[in-house]
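> File input35.pdb follows (PDB, C-alpha atoms and all ligand atoms):
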```pdb
ATOM      1  CA  MET U   1      41.348  37.895 -53.465
ATOM      2  CA  ARG U   2      40.098  39.387 -56.651
ATOM      3  CA  ASN U   3      41.793  36.774 -58.797
ATOM      4  CA  SER U   4      40.582  34.072 -56.497
ATOM      5  CA  LYS U   5      37.002  35.162 -56.923
ATOM      6  CA  ILE U   6      37.298  35.264 -60.662
ATOM      7  CA  THR U   7      38.966  31.903 -60.776
ATOM      8  CA  ASN U   8      36.282  30.279 -58.734
ATOM      9  CA  PHE U   9      33.532  31.734 -60.793
ATOM     10  CA  TYR U  10      35.240  30.540 -63.933
ATOM     11  CA  THR U  11      35.198  27.106 -62.394
ATOM     12  CA  LYS U  12      31.492  27.294 -62.021
ATOM     13  CA  VAL U  13      31.059  28.461 -65.570
ATOM     14  CA  ALA U  14      33.049  25.476 -66.716
ATOM     15  CA  VAL U  15      30.823  23.178 -64.738
ATOM     16  CA  ILE U  16      27.736  24.712 -66.194
ATOM     17  CA  MET U  17      29.067  24.542 -69.720
ATOM     18  CA  ASN U  18      29.960  20.951 -69.128
ATOM     19  CA  THR U  19      26.475  20.342 -67.845
ATOM     20  CA  ASN U  20      25.003  22.168 -70.740
ATOM     21  CA  THR U  21      26.892  20.210 -73.348
ATOM     22  CA  ARG U  22      25.605  16.964 -72.003
ATOM     23  CA  THR U  23      22.188  18.274 -71.153
ATOM     24  CA  HIS U  24      21.157  19.290 -74.583
ATOM     25  CA  GLU U  25      22.491  16.474 -76.720
ATOM     26  CA  HIS U  26      18.999  15.382 -77.633
ATOM     27  CA  THR U  27      17.047  18.573 -77.355
ATOM     28  CA  ASN U  28      17.511  20.220 -80.703
ATOM     29  CA  THR U  29      13.790  20.450 -81.134
ATOM     30  CA  ARG U  30      13.626  22.732 -78.127
ATOM     31  CA  THR U  31      16.071  25.228 -79.488
ATOM     32  CA  HIS U  32      14.719  28.745 -79.736
ATOM     33  CA  GLU U  33      11.664  28.016 -77.651
ATOM     34  CA  HIS U  34      12.796  30.251 -74.824
ATOM     35  CA  THR U  35      10.564  33.030 -73.742
ATOM     36  CA  ASN U  36      10.770  35.664 -71.113
ATOM     37  CA  THR U  37       7.253  35.085 -69.960
ATOM     38  CA  ARG U  38       5.733  31.962 -68.515
ATOM     39  CA  THR U  39       3.524  30.217 -71.040
ATOM     40  CA  HIS U  40       0.252  28.528 -70.262
ATOM     41  CA  GLU U  41       1.838  25.155 -71.023
ATOM     42  CA  GLN U  42       4.702  25.735 -68.590
ATOM     43  CA  GLN U  43       2.294  26.588 -65.828
ATOM     44  CA  ILE U  44       0.364  23.371 -66.181
ATOM     45  CA  ILE U  45       3.000  20.790 -67.125
ATOM     46  CA  SER U  46       5.808  20.706 -64.604
ATOM     47  CA  GLN U  47       8.714  18.303 -64.617
ATOM     48  CA  PRO U  48       8.779  15.685 -61.872
ATOM     49  CA  CYS U  49      11.287  16.229 -59.085
ATOM     50  CA  LEU U  50      14.883  15.554 -60.059
ATOM     51  CA  ILE U  51      15.502  13.928 -56.705
ATOM     52  CA  CYS U  52      12.432  11.860 -55.807
ATOM     53  CA  SER U  53      10.295  11.966 -58.998
ATOM     54  CA  SER U  54       7.306  13.389 -57.110
ATOM     55  CA  LYS U  55       5.045  16.106 -58.456
ATOM     56  CA  THR U  56       6.373  19.656 -58.517
ATOM     57  CA  ASN U  57       4.317  22.810 -58.305
ATOM     58  CA  TYR U  58       4.903  26.417 -59.269
ATOM     59  CA  TYR U  59       6.503  28.091 -56.246
ATOM     60  CA  PHE U  60       7.531  31.655 -57.087
ATOM     61  CA  SER U  61       9.207  33.809 -59.730
ATOM     62  CA  LYS U  62      12.047  36.255 -59.891
ATOM     63  CA  ASN U  63      12.760  38.910 -62.472
ATOM     64  CA  TYR U  64      16.407  39.174 -63.462
ATOM     65  CA  ALA U  65      17.632  42.379 -65.068
ATOM     66  CA  THR U  66      19.595  42.074 -68.266
ATOM     67  CA  TYR U  67      23.324  42.755 -68.294
ATOM     68  CA  PRO U  68      25.954  43.273 -71.022
ATOM     69  CA  GLY U  69      26.191  40.139 -73.157
ATOM     70  CA  SER U  70      23.098  38.459 -71.747
ATOM     71  CA  PRO U  71      21.083  36.479 -74.328
ATOM     72  CA  PHE U  72      17.996  38.042 -72.735
ATOM     73  CA  LYS U  73      17.833  41.665 -73.711
ATOM     74  CA  GLU U  74      14.951  42.462 -71.434
ATOM     75  CA  ILE U  75      13.990  41.306 -67.971
ATOM     76  CA  LEU U  76      14.103  37.526 -67.654
ATOM     77  CA  ASN U  77      11.261  36.089 -65.623
ATOM     78  CA  VAL U  78      12.435  32.879 -63.933
ATOM     79  CA  ASP U  79       9.925  30.397 -62.519
ATOM     80  CA  TYR U  80      10.909  28.141 -59.642
ATOM     81  CA  TYR U  81       9.086  24.873 -59.024
ATOM     82  CA  LYS U  82       9.059  23.016 -55.725
ATOM     83  CA  CYS U  83       8.685  19.303 -55.095
ATOM     84  CA  GLU U  84       5.659  18.646 -52.906
ATOM     85  CA  GLU U  85       7.397  15.667 -51.298
ATOM     86  CA  CYS U  86      11.041  16.636 -50.626
ATOM     87  CA  GLY U  87      10.997  20.407 -51.101
ATOM     88  CA  PHE U  88      13.731  20.467 -53.741
ATOM     89  CA  VAL U  89      13.404  23.578 -55.909
ATOM     90  CA  LEU U  90      14.433  23.864 -59.563
ATOM     91  CA  SER U  91      14.205  26.692 -62.075
ATOM     92  CA  GLN U  92      12.087  25.342 -64.879
ATOM     93  CA  THR U  93      12.883  28.432 -66.904
ATOM     94  CA  HIS U  94      16.533  27.406 -66.992
ATOM     95  CA  ALA U  95      15.602  23.775 -67.571
ATOM     96  CA  LYS U  96      13.613  24.729 -70.664
ATOM     97  CA  MET U  97      16.206  27.152 -71.989
ATOM     98  CA  SER U  98      17.798  26.406 -75.365
ATOM     99  CA  GLU U  99      21.390  25.225 -75.459
ATOM    100  CA  ASN U 100      22.514  28.451 -77.096
ATOM    101  CA  ASP U 101      20.844  30.668 -74.529
ATOM    102  CA  TRP U 102      22.114  28.574 -71.627
ATOM    103  CA  THR U 103      25.679  28.677 -72.899
ATOM    104  CA  GLN U 104      25.540  32.383 -73.631
ATOM    105  CA  LEU U 105      24.000  33.083 -70.258
ATOM    106  CA  ASN U 106      26.895  31.374 -68.487
ATOM    107  CA  THR U 107      29.716  32.745 -70.576
ATOM    108  CA  SER U 108      28.322  36.287 -70.572
ATOM    109  CA  TRP U 109      27.663  36.136 -66.843
ATOM    110  CA  HIS U 110      31.274  35.108 -66.365
ATOM    111  CA  HIS U 111      32.622  37.943 -68.478
ATOM    112  CA  HIS U 112      30.277  40.445 -66.889
ATOM    113  CA  PHE U 113      31.421  39.316 -63.458
ATOM    114  CA  GLU U 114      35.064  39.436 -64.443
ATOM    115  CA  LYS U 115      34.711  43.066 -65.435
ATOM    116  CA  ASN U 116      32.971  43.827 -62.171
ATOM    117  CA  PRO U 117      34.980  41.839 -59.650
ATOM    118  CA  GLU U 118      33.622  43.785 -56.729
ATOM    119  CA  SER U 119      30.107  42.942 -57.777
ATOM    120  CA  ASN U 120      28.090  41.345 -55.029
ATOM    121  CA  THR U 121      26.177  39.230 -57.479
ATOM    122  CA  THR U 122      27.943  36.032 -56.526
ATOM    123  CA  HIS U 123      27.996  34.278 -53.222
ATOM    124  CA  ASN U 124      31.024  33.691 -51.030
ATOM    125  CA  GLN U 125      33.888  31.465 -52.024
ATOM    126  CA  PRO U 126      34.210  27.949 -50.621
ATOM    127  CA  PRO U 127      36.337  28.081 -47.435
ATOM    128  CA  TYR U 128      39.352  26.389 -49.003
ATOM    129  CA  ALA U 129      41.601  26.489 -45.945
ATOM    130  CA  ASP U 130      38.908  25.053 -43.701
ATOM    131  CA  GLN U 131      38.055  22.396 -46.259
ATOM    132  CA  ALA U 132      41.715  21.379 -46.367
ATOM    133  CA  LEU U 133      41.930  21.251 -42.578
ATOM    134  CA  ALA U 134      38.768  19.153 -42.336
ATOM    135  CA  LEU U 135      40.206  16.734 -44.887
ATOM    136  CA  LYS U 136      43.440  16.479 -42.921
ATOM    137  CA  LEU U 137      41.599  15.855 -39.640
ATOM    138  CA  LEU U 138      39.391  13.134 -41.101
ATOM    139  CA  SER U 139      42.304  11.541 -42.931
ATOM    140  CA  LYS U 140      44.541  11.489 -39.858
ATOM    141  CA  ASN U 141      41.778   9.754 -37.925
ATOM    142  CA  GLY U 142      41.164   7.097 -40.571
ATOM    143  CA  ILE U 143      37.688   8.268 -41.563
ATOM    144  CA  ILE U 144      38.600   9.077 -45.167
ATOM    145  CA  ASN U 145      41.263   7.797 -47.569
ATOM    146  CA  ILE U 146      42.942  10.965 -48.809
ATOM    147  CA  ASN U 147      45.430   8.977 -50.903
ATOM    148  CA  ASP U 148      42.790   8.175 -53.530
ATOM    149  CA  THR U 149      41.028  11.508 -53.942
ATOM    150  CA  LEU U 150      39.569  13.387 -56.906
ATOM    151  CA  ASP U 151      38.376  16.980 -56.791
ATOM    152  CA  TYR U 152      35.702  16.930 -59.510
ATOM    153  CA  ALA U 153      34.993  20.186 -61.370
ATOM    154  CA  ALA U 154      37.933  21.703 -59.523
ATOM    155  CA  GLY U 155      38.660  24.520 -61.937
ATOM    156  CA  TYR U 156      42.096  25.908 -61.272
ATOM    157  CA  GLY U 157      42.463  23.720 -58.203
ATOM    158  CA  SER U 158      42.278  26.369 -55.476
ATOM    159  CA  MET U 159      41.546  23.849 -52.727
ATOM    160  CA  ALA U 160      44.126  21.347 -54.008
ATOM    161  CA  LYS U 161      46.767  24.077 -53.918
ATOM    162  CA  VAL U 162      45.993  24.800 -50.264
ATOM    163  CA  LEU U 163      46.142  21.101 -49.437
ATOM    164  CA  LYS U 164      49.494  20.809 -51.160
ATOM    165  CA  LYS U 165      51.131  23.934 -49.761
ATOM    166  CA  TYR U 166      49.972  23.800 -46.167
ATOM    167  CA  PHE U 167      49.347  20.096 -45.572
ATOM    168  CA  ASN U 168      51.710  18.449 -48.059
ATOM    169  CA  ILE U 169      48.807  16.403 -49.442
ATOM    170  CA  ASN U 170      48.486  15.761 -53.170
ATOM    171  CA  ILE U 171      45.107  14.982 -54.705
ATOM    172  CA  SER U 172      43.990  14.512 -58.295
ATOM    173  CA  ILE U 173      41.754  17.122 -59.838
ATOM    174  CA  TYR U 174      39.471  17.149 -62.845
ATOM    175  CA  ASP U 175      37.865  19.914 -64.819
ATOM    176  CA  LYS U 176      36.533  19.573 -68.318
ATOM    177  CA  TYR U 177      37.121  23.146 -69.348
ATOM    178  CA  VAL U 178      39.801  24.865 -67.327
ATOM    179  CA  GLN U 179      43.245  23.858 -66.156
ATOM    180  CA  ASP U 180      46.058  25.760 -64.527
ATOM    181  CA  ILE U 181      48.820  24.583 -66.831
ATOM    182  CA  GLU U 182      51.465  26.433 -64.862
ATOM    183  CA  SER U 183      50.692  24.598 -61.657
ATOM    184  CA  ASP U 184      52.129  21.242 -60.649
ATOM    185  CA  LEU U 185      48.704  19.889 -59.752
ATOM    186  CA  THR U 186      47.686  16.433 -60.937
ATOM    187  CA  TYR U 187      44.986  16.986 -63.555
ATOM    188  CA  VAL U 188      43.118  13.865 -64.635
ATOM    189  CA  GLN U 189      41.857  13.563 -68.214
ATOM    190  CA  ASP U 190      38.420  12.229 -69.189
ATOM    191  CA  ARG U 191      39.735   8.847 -70.260
ATOM    192  CA  GLU U 192      41.585   8.432 -66.966
ATOM    193  CA  LEU U 193      38.574   8.898 -64.695
ATOM    194  CA  LYS U 194      37.896   5.924 -62.429
ATOM    195  CA  LYS U 195      36.308   5.174 -59.058
ATOM    196  CA  TYR U 196      37.799   7.029 -56.090
ATOM    197  CA  LYS U 197      37.732   6.467 -52.343
ATOM    198  CA  LEU U 198      37.021  10.184 -51.943
ATOM    199  CA  VAL U 199      35.407  12.576 -54.406
ATOM    200  CA  VAL U 200      35.325  16.295 -53.596
ATOM    201  CA  ASN U 201      32.668  18.471 -55.224
ATOM    202  CA  SER U 202      32.372  22.168 -54.408
ATOM    203  CA  ALA U 203      29.755  24.606 -55.646
ATOM    204  CA  MET U 204      28.288  22.460 -58.415
ATOM    205  CA  PHE U 205      25.059  20.995 -57.043
ATOM    206  CA  GLU U 206      23.362  24.409 -57.274
ATOM    207  CA  HIS U 207      24.085  24.636 -61.013
ATOM    208  CA  VAL U 208      22.510  21.419 -62.280
ATOM    209  CA  LEU U 209      19.458  21.122 -64.499
ATOM    210  CA  GLU U 210      19.248  17.369 -64.942
ATOM    211  CA  ARG U 211      19.505  14.381 -62.654
ATOM    212  CA  LYS U 212      22.264  12.729 -64.681
ATOM    213  CA  HIS U 213      24.675  15.505 -63.771
ATOM    214  CA  LEU U 214      24.266  14.721 -60.093
ATOM    215  CA  ASP U 215      24.620  11.000 -60.817
ATOM    216  CA  ALA U 216      27.844  11.660 -62.737
ATOM    217  CA  VAL U 217      29.475  12.848 -59.507
ATOM    218  CA  ASN U 218      28.286   9.906 -57.437
ATOM    219  CA  ASP U 219      29.351   7.471 -60.181
ATOM    220  CA  LEU U 220      32.981   8.360 -59.421
ATOM    221  CA  VAL U 221      32.711   7.315 -55.766
ATOM    222  CA  ASP U 222      33.836   3.787 -54.919
ATOM    223  CA  SER U 223      31.352   1.375 -53.300
ATOM    224  CA  ASP U 224      32.974   1.975 -49.895
ATOM    225  CA  GLY U 225      33.963   5.580 -50.580
ATOM    226  CA  THR U 226      33.150   9.106 -49.470
ATOM    227  CA  LEU U 227      31.613  12.121 -51.226
ATOM    228  CA  MET U 228      32.535  15.561 -49.914
ATOM    229  CA  LEU U 229      30.025  18.253 -50.864
ATOM    230  CA  HIS U 230      30.103  22.018 -50.549
ATOM    231  CA  THR U 231      26.806  23.665 -51.432
ATOM    232  CA  VAL U 232      23.864  25.204 -49.596
ATOM    233  CA  VAL U 233      21.362  22.745 -48.152
ATOM    234  CA  CYS U 234      18.502  24.146 -46.109
ATOM    235  CA  GLU U 235      15.386  22.947 -44.329
ATOM    236  CA  LYS U 236      13.017  24.918 -46.533
ATOM    237  CA  VAL U 237      13.811  26.974 -49.615
ATOM    238  CA  PRO U 238      12.158  30.351 -49.019
ATOM    239  CA  ALA U 239       9.712  31.623 -51.653
ATOM    240  CA  ASP U 240      11.663  34.842 -51.686
ATOM    241  CA  PRO U 241      12.979  36.486 -54.866
ATOM    242  CA  ASN U 242      15.520  38.303 -52.700
ATOM    243  CA  TRP U 243      16.975  35.148 -51.123
ATOM    244  CA  PHE U 244      20.762  35.457 -51.324
ATOM    245  CA  TYR U 245      21.256  32.077 -52.945
ATOM    246  CA  ILE U 246      19.173  32.783 -56.033
ATOM    247  CA  THR U 247      20.859  36.126 -56.652
ATOM    248  CA  PRO U 248      23.301  34.669 -59.211
ATOM    249  CA  ILE U 249      21.175  33.996 -62.282
ATOM    250  CA  VAL U 250      23.189  30.826 -62.921
ATOM    251  CA  HIS U 251      22.035  29.122 -59.696
ATOM    252  CA  THR U 252      19.270  26.749 -60.735
ATOM    253  CA  ALA U 253      18.861  23.995 -58.136
ATOM    254  CA  PHE U 254      18.198  24.267 -54.402
ATOM    255  CA  HIS U 255      18.522  21.276 -52.140
ATOM    256  CA  THR U 256      16.807  20.570 -48.819
ATOM    257  CA  ASN U 257      17.714  18.344 -45.890
ATOM    258  CA  LYS U 258      14.976  15.952 -46.971
ATOM    259  CA  SER U 259      16.018  15.856 -50.634
ATOM    260  CA  MET U 260      19.617  15.171 -49.584
ATOM    261  CA  GLU U 261      18.484  12.408 -47.242
ATOM    262  CA  ILE U 262      16.598  10.819 -50.145
ATOM    263  CA  LEU U 263      19.552  11.255 -52.506
ATOM    264  CA  MET U 264      21.867   9.609 -49.959
ATOM    265  CA  LYS U 265      19.651   6.548 -49.710
ATOM    266  CA  GLN U 266      19.269   6.275 -53.484
ATOM    267  CA  TRP U 267      23.050   6.381 -53.876
ATOM    268  CA  GLY U 268      23.830   3.945 -51.064
ATOM    269  CA  TYR U 269      25.212   6.324 -48.443
ATOM    270  CA  ALA U 270      24.446   5.497 -44.826
ATOM    271  CA  ALA U 271      25.967   8.229 -42.664
ATOM    272  CA  SER U 272      27.351  11.734 -42.906
ATOM    273  CA  ILE U 273      29.587  14.242 -41.171
ATOM    274  CA  TYR U 274      29.241  18.016 -41.452
ATOM    275  CA  SER U 275      31.796  20.682 -40.633
ATOM    276  CA  PRO U 276      30.328  24.183 -40.187
ATOM    277  CA  GLN U 277      33.824  25.675 -40.544
ATOM    278  CA  ALA U 278      34.429  23.899 -43.859
ATOM    279  CA  LYS U 279      30.758  24.302 -44.847
ATOM    280  CA  SER U 280      31.056  20.796 -46.238
ATOM    281  CA  TRP U 281      29.330  17.468 -45.856
ATOM    282  CA  PHE U 282      31.064  14.116 -46.030
ATOM    283  CA  LEU U 283      28.715  11.345 -47.155
ATOM    284  CA  PHE U 284      29.773   7.757 -46.455
ATOM    285  CA  LYS U 285      28.742   4.695 -48.449
ATOM    286  CA  LYS U 286      27.175   2.048 -46.253
ATOM    287  CA  ASP U 287      30.170  -0.251 -46.823
ATOM    288  CA  SER U 288      32.702   2.331 -45.640
ATOM    289  CA  PRO U 289      35.389   0.785 -43.430
ATOM    290  CA  LEU U 290      35.013   1.694 -39.747
ATOM    291  CA  ILE U 291      31.632   3.357 -40.387
ATOM    292  CA  ASN U 292      30.312   1.957 -37.101
ATOM    293  CA  ASP U 293      33.140   3.726 -35.271
ATOM    294  CA  PHE U 294      32.673   7.146 -36.911
ATOM    295  CA  GLU U 295      30.433   8.537 -34.188
ATOM    296  CA  HIS U 296      33.006   7.782 -31.479
ATOM    297  CA  ILE U 297      35.915   9.008 -33.590
ATOM    298  CA  VAL U 298      34.114  12.295 -34.281
ATOM    299  CA  GLU U 299      33.403  12.732 -30.562
ATOM    300  CA  ALA U 300      37.088  12.163 -29.831
ATOM    301  CA  ILE U 301      38.164  14.744 -32.425
ATOM    302  CA  ASN U 302      35.732  17.298 -31.001
ATOM    303  CA  ARG U 303      37.048  16.661 -27.467
ATOM    304  CA  GLU U 304      40.598  17.005 -28.761
ATOM    305  CA  LEU U 305      39.845  20.315 -30.495
ATOM    306  CA  GLN U 306      37.580  21.404 -27.638
ATOM    307  CA  THR U 307      34.948  22.511 -30.090
ATOM    308  CA  LYS U 308      32.186  20.779 -32.008
ATOM    309  CA  TYR U 309      34.170  20.810 -35.219
ATOM    310  CA  PHE U 310      32.311  17.865 -36.794
ATOM    311  CA  HIS U 311      28.691  16.784 -36.586
ATOM    312  CA  TYR U 312      27.916  13.121 -37.201
ATOM    313  CA  LYS U 313      24.577  11.570 -38.076
ATOM    314  CA  ASN U 314      23.266   8.243 -39.229
ATOM    315  CA  GLY U 315      21.702   9.711 -42.387
ATOM    316  CA  PHE U 316      22.099  13.289 -43.612
ATOM    317  CA  VAL U 317      23.311  15.903 -41.109
ATOM    318  CA  ASP U 318      20.454  18.422 -41.235
ATOM    319  CA  TYR U 319      22.570  21.186 -39.791
ATOM    320  CA  TRP U 320      20.863  24.206 -41.349
ATOM    321  CA  LYS U 321      17.327  24.707 -40.060
ATOM    322  CA  GLY U 322      16.981  28.459 -40.205
ATOM    323  CA  PHE U 323      15.977  29.071 -43.802
TER     324      PHE U 323
HETATM  325 ZN    ZN U 401      11.352  15.593 -54.531
END
```
If you took the structure in this file and wrote it as C-alpha cells, what would it be?


Amino acid sequence: MRNSKITNFYTKVAVIMNTNTRTHEHTNTRTHEHTNTRTHEQQIISQPCLICSSKTNYYFSKNYATYPGSPFKEILNVDYYKCEECGFVLSQTHAKMSENDWTQLNTSWHHHFEKNPESNTTHNQPPYADQALALKLLSKNGIININDTLDYAAGYGSMAKVLKKYFNINISIYDKYVQDIESDLTYVQDRELKKYKLVVNSAMFEHVLERKHLDAVNDLVDSDGTLMLHTVVCEKVPADPNWFYITPIVHTAFHTNKSMEILMKQWGYAASIYSPQAKSWFLFKKDSPLINDFEHIVEAINRELQTKYFHYKNGFVDYWKGF
C-alpha cells in the first residue's frame, strides 16, 4: 500500500512536470515574477476561463505552509479564481508561477511526500480494481473497444497491471517521465502515439494550468472513441480553504458538472456513463458505434448485477451534487 501510494503520486508529479515543460516554453519573461502575496495587478486582471473563455473572478485564497524543499520558504498564499459562467476554478497563483518554481514545487512535494508516506496530504488513490472491472463490463457488452486502448500519463501502470493480472487484458500505456522497466507492460513512446478507440486518464485533470494540456488528452481519442476520466467533478466548488481536494498544493484545477458538459460539447462527445464504484466517467464521441443503444445496454447490465453500477446520460453524468 505504501509503495502504491508513492508510485501513484510519482505519476502525478510526472504529469505535472510534463505539463510544466510544455506550459512555459514561451514564458521566459515571466520567470522570477512569483510572489507570495497577491499583487494589485493580479487582483484586477484575471485570465479568462480555461473551459468556456468567460470572465473569471477572485473566489478565495488559501495559505499553504512551507515544507522541506519547497521553493517558497514562507507561507504561500494561493488565489483561486472562479468562472462566472461554468464555475470552473483555477489557481491563478500556480498559473503565474515561474517554470523553476513550478518544477521545484512538484519535485519537492514528491520527495517530501515520499519521506512521509503516511501523510494525509494527498487524496485517495484511484480505485484500480474497480476501474478494471468497469472496463471489462463495458468491453464485454460492446460499449467500448478495449483492444485499442491507451492509458495516458499512466506512471508505473498500476491500473494496467490489474487489468492484465485479473482480467487478462493488455492495454498500451504512456508516461513521459516514468516507466516500470521491469514490468512487461506495453509502454508507448512519444513518436508512436496515435488515435485510440479508448483513452484512459486518471488523476490528471486536477493538475493542469493551461487549456492545451486538456486538449492533448482529447486529441488522442479517435473520432468515434471513448475517453475514460478519473478526477473529482462537483456541482459547485466550495469557497473553502479546508476543502479536501485543494489540500495537496499541486492541485490547481477544479471542474464542475457544467464545465464538463461544456468541454464535452466542445470536444464532440454526446453521451457519458459514470460508475460510482470506479469513480470514473466514460465520455463517448457522438459518432460512437451503438451510442443509441447505450442506455438500454446500461440498464441491462444494472439488472444483471442487481445494482445501479453504471449511470447513463445524454450529456455529462452530473452524479455529484453535494459539494
Ligand atoms: Zn467557464

> Can you tell me, as number ranges by chain, what residues are no more than 8 Å from range 166-180 of chain U when counting all atoms listed in the file, ignoring any on the same chain fewer than 3 positions away?

U: 11, 14-15, 18, 132, 136, 146-157, 160, 162-163, 183, 185-190

> Neighbouring residues of ligand ZN 401 (chain U) are defined here as those with any atom at most 9 Å from a ligand atom, counting all atoms listed in the file; list them as a VMD selection string.

chain U and resid 48 to 56 82 to 89 258 to 259 262

> Based on the selection just made, write C-alpha atoms of those residues as a PDB file, in the coordinates of the input.


```pdb
ATOM      1  CA  PRO U  48       8.779  15.685 -61.872  1.00  0.00           C
ATOM      2  CA  CYS U  49      11.287  16.229 -59.085  1.00  0.00           C
ATOM      3  CA  LEU U  50      14.883  15.554 -60.059  1.00  0.00           C
ATOM      4  CA  ILE U  51      15.502  13.928 -56.705  1.00  0.00           C
ATOM      5  CA  CYS U  52      12.432  11.860 -55.807  1.00  0.00           C
ATOM      6  CA  SER U  53      10.295  11.966 -58.998  1.00  0.00           C
ATOM      7  CA  SER U  54       7.306  13.389 -57.110  1.00  0.00           C
ATOM      8  CA  LYS U  55       5.045  16.106 -58.456  1.00  0.00           C
ATOM      9  CA  THR U  56       6.373  19.656 -58.517  1.00  0.00           C
ATOM     10  CA  LYS U  82       9.059  23.016 -55.725  1.00  0.00           C
ATOM     11  CA  CYS U  83       8.685  19.303 -55.095  1.00  0.00           C
ATOM     12  CA  GLU U  84       5.659  18.646 -52.906  1.00  0.00           C
ATOM     13  CA  GLU U  85       7.397  15.667 -51.298  1.00  0.00           C
ATOM     14  CA  CYS U  86      11.041  16.636 -50.626  1.00  0.00           C
ATOM     15  CA  GLY U  87      10.997  20.407 -51.101  1.00  0.00           C
ATOM     16  CA  PHE U  88      13.731  20.467 -53.741  1.00  0.00           C
ATOM     17  CA  VAL U  89      13.404  23.578 -55.909  1.00  0.00           C
ATOM     18  CA  LYS U 258      14.976  15.952 -46.971  1.00  0.00           C
ATOM     19  CA  SER U 259      16.018  15.856 -50.634  1.00  0.00           C
ATOM     20  CA  ILE U 262      16.598  10.819 -50.145  1.00  0.00           C
TER      21      ILE U 262
END
```

> Given the choices U:Thr107, U:Ser288, U:Asn201, U:Ser272, which gets closest to Leu214 in chain U if the distance is worked out from all atoms listed in the file?

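Under the stated criterion, the closest residue is U:Asn201.
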
> Calculate how many Å separate CA of Lys164 in chain U from CA of Lys197 in chain U, rounding to one decimal.

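Going from CA of Lys164 in chain U over to CA of Lys197 in chain U covers 18.6 Å.
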
> Residues within 9 Å of Glu74 in chain U, please, as a PyMOL selection string. Count all atoms listed in the file; anything in the same chain fewer than 4 positions from it doesn't count.

chain U and resi 36+64-67

> Can you write out the residues you just picked, keeping C-alpha atoms, as an mmCIF file, in the frame of the given file?


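In the end it all went to out09.cif:
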```
data_model
loop_
_atom_site.group_PDB
_atom_site.id
_atom_site.type_symbol
_atom_site.label_atom_id
_atom_site.label_comp_id
_atom_site.auth_asym_id
_atom_site.auth_seq_id
_atom_site.Cartn_x
_atom_site.Cartn_y
_atom_site.Cartn_z
ATOM 1 C CA ASN U 36 10.770 35.664 -71.113
ATOM 2 C CA TYR U 64 16.407 39.174 -63.462
ATOM 3 C CA ALA U 65 17.632 42.379 -65.068
ATOM 4 C CA THR U 66 19.595 42.074 -68.266
ATOM 5 C CA TYR U 67 23.324 42.755 -68.294
#
```

> Please determine an axis-aligned box that encloses all atoms of range 92-106 of chain U listed in the file, with 5 Å added on each side, and express its centre and edge lengths in Å to one decimal as lines of an AutoDock Vina configuration file.


```
center_x = 19.5
center_y = 28.4
center_z = -71.0
size_x = 24.8
size_y = 19.3
size_z = 22.2
```

> One number please: CA of Asp222 in chain U to CA of Leu198 in chain U, in Å, one decimal.

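The value is 7.7 Å.
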
> Quick one: of U:Leu209, U:Cys234, U:Ile291, U:Val199, who's nearest to Glu261 in chain U, counting all atoms listed in the file?

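Of all the options, U:Cys234 lies closest to Glu261 in chain U.
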
> I'd like to know which of U:Val250, U:Val208, U:Ile45, U:Ala134 is closest to Leu105 in chain U, using only C-alpha atoms.

U:Val250

> May I have the residues within 8 Å of Ala203 in chain U as JSON, numbers by chain, using all atoms listed in the file and disregarding those fewer than 4 positions away in the same chain?

{"U": [12, 126, 207, 229, 230, 231]}

> Write a file of the just-selected residues containing C-alpha atoms, as a short mmCIF file (atom, residue, chain, number, x, y, z; two decimals), in the frame of the given file.


```
data_model
loop_
_atom_site.label_atom_id
_atom_site.label_comp_id
_atom_site.auth_asym_id
_atom_site.auth_seq_id
_atom_site.Cartn_x
_atom_site.Cartn_y
_atom_site.Cartn_z
CA LYS U 12 31.49 27.29 -62.02
CA PRO U 126 34.21 27.95 -50.62
CA HIS U 207 24.08 24.64 -61.01
CA LEU U 229 30.02 18.25 -50.86
CA HIS U 230 30.10 22.02 -50.55
CA THR U 231 26.81 23.66 -51.43
#
```

> Could you tell me how far CA of Ala271 in chain U lies from CA of Lys313 in chain U, in Å and to one decimal?

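CA of Ala271 in chain U sits 5.8 Å away from CA of Lys313 in chain U.
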
> List the neighbours of range 319-322 of chain U out to 12 Å using all atoms listed in the file; skip same-chain residues closer than 3 positions along the sequence, and give me the result as a list of chain:residue names.

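What passes the distance filter is U:Thr231, U:Val232, U:Val233, U:Cys234, U:Glu235, U:Lys236, U:Val237, U:Pro238, U:His255, U:Thr256, U:Asn257, U:Lys258, U:Met260, U:Ser272, U:Ile273, U:Tyr274, U:Ser275, U:Pro276, U:Lys279, U:Ser280, U:Trp281, U:Phe310, U:His311, U:Tyr312, U:Lys313, U:Gly315, U:Phe316.
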
> With distances taken over all atoms listed in the file, which residue among U:Ser46, U:Asn314, U:Thr226, U:Asn302 lies nearest Phe284 in chain U?

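Using all atoms listed in the file, Phe284 in chain U sits closest to U:Thr226.
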
> Running the PyMOL selection byres (((chain U and resi 287) around 9) and not hetatm) on this model by hand, what would come out? Give it as an mmCIF file with C-alpha atoms, in the frame of the given file.


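Once everything was written out, this is expr-v2.cif:
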```
data_model
loop_
_atom_site.group_PDB
_atom_site.id
_atom_site.type_symbol
_atom_site.label_atom_id
_atom_site.label_comp_id
_atom_site.auth_asym_id
_atom_site.auth_seq_id
_atom_site.Cartn_x
_atom_site.Cartn_y
_atom_site.Cartn_z
ATOM 1 C CA SER U 223 31.352 1.375 -53.300
ATOM 2 C CA ASP U 224 32.974 1.975 -49.895
ATOM 3 C CA GLY U 225 33.963 5.580 -50.580
ATOM 4 C CA GLY U 268 23.830 3.945 -51.064
ATOM 5 C CA TYR U 269 25.212 6.324 -48.443
ATOM 6 C CA ALA U 270 24.446 5.497 -44.826
ATOM 7 C CA PHE U 284 29.773 7.757 -46.455
ATOM 8 C CA LYS U 285 28.742 4.695 -48.449
ATOM 9 C CA LYS U 286 27.175 2.048 -46.253
ATOM 10 C CA SER U 288 32.702 2.331 -45.640
ATOM 11 C CA PRO U 289 35.389 0.785 -43.430
ATOM 12 C CA LEU U 290 35.013 1.694 -39.747
ATOM 13 C CA ILE U 291 31.632 3.357 -40.387
#
```

> Of the residues U:Glu206, U:Glu299, U:Thr307, U:Tyr81, which is the one nearest to Thr247 in chain U, using only C-alpha atoms?

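Closest to Thr247 in chain U, using only C-alpha atoms: U:Glu206.
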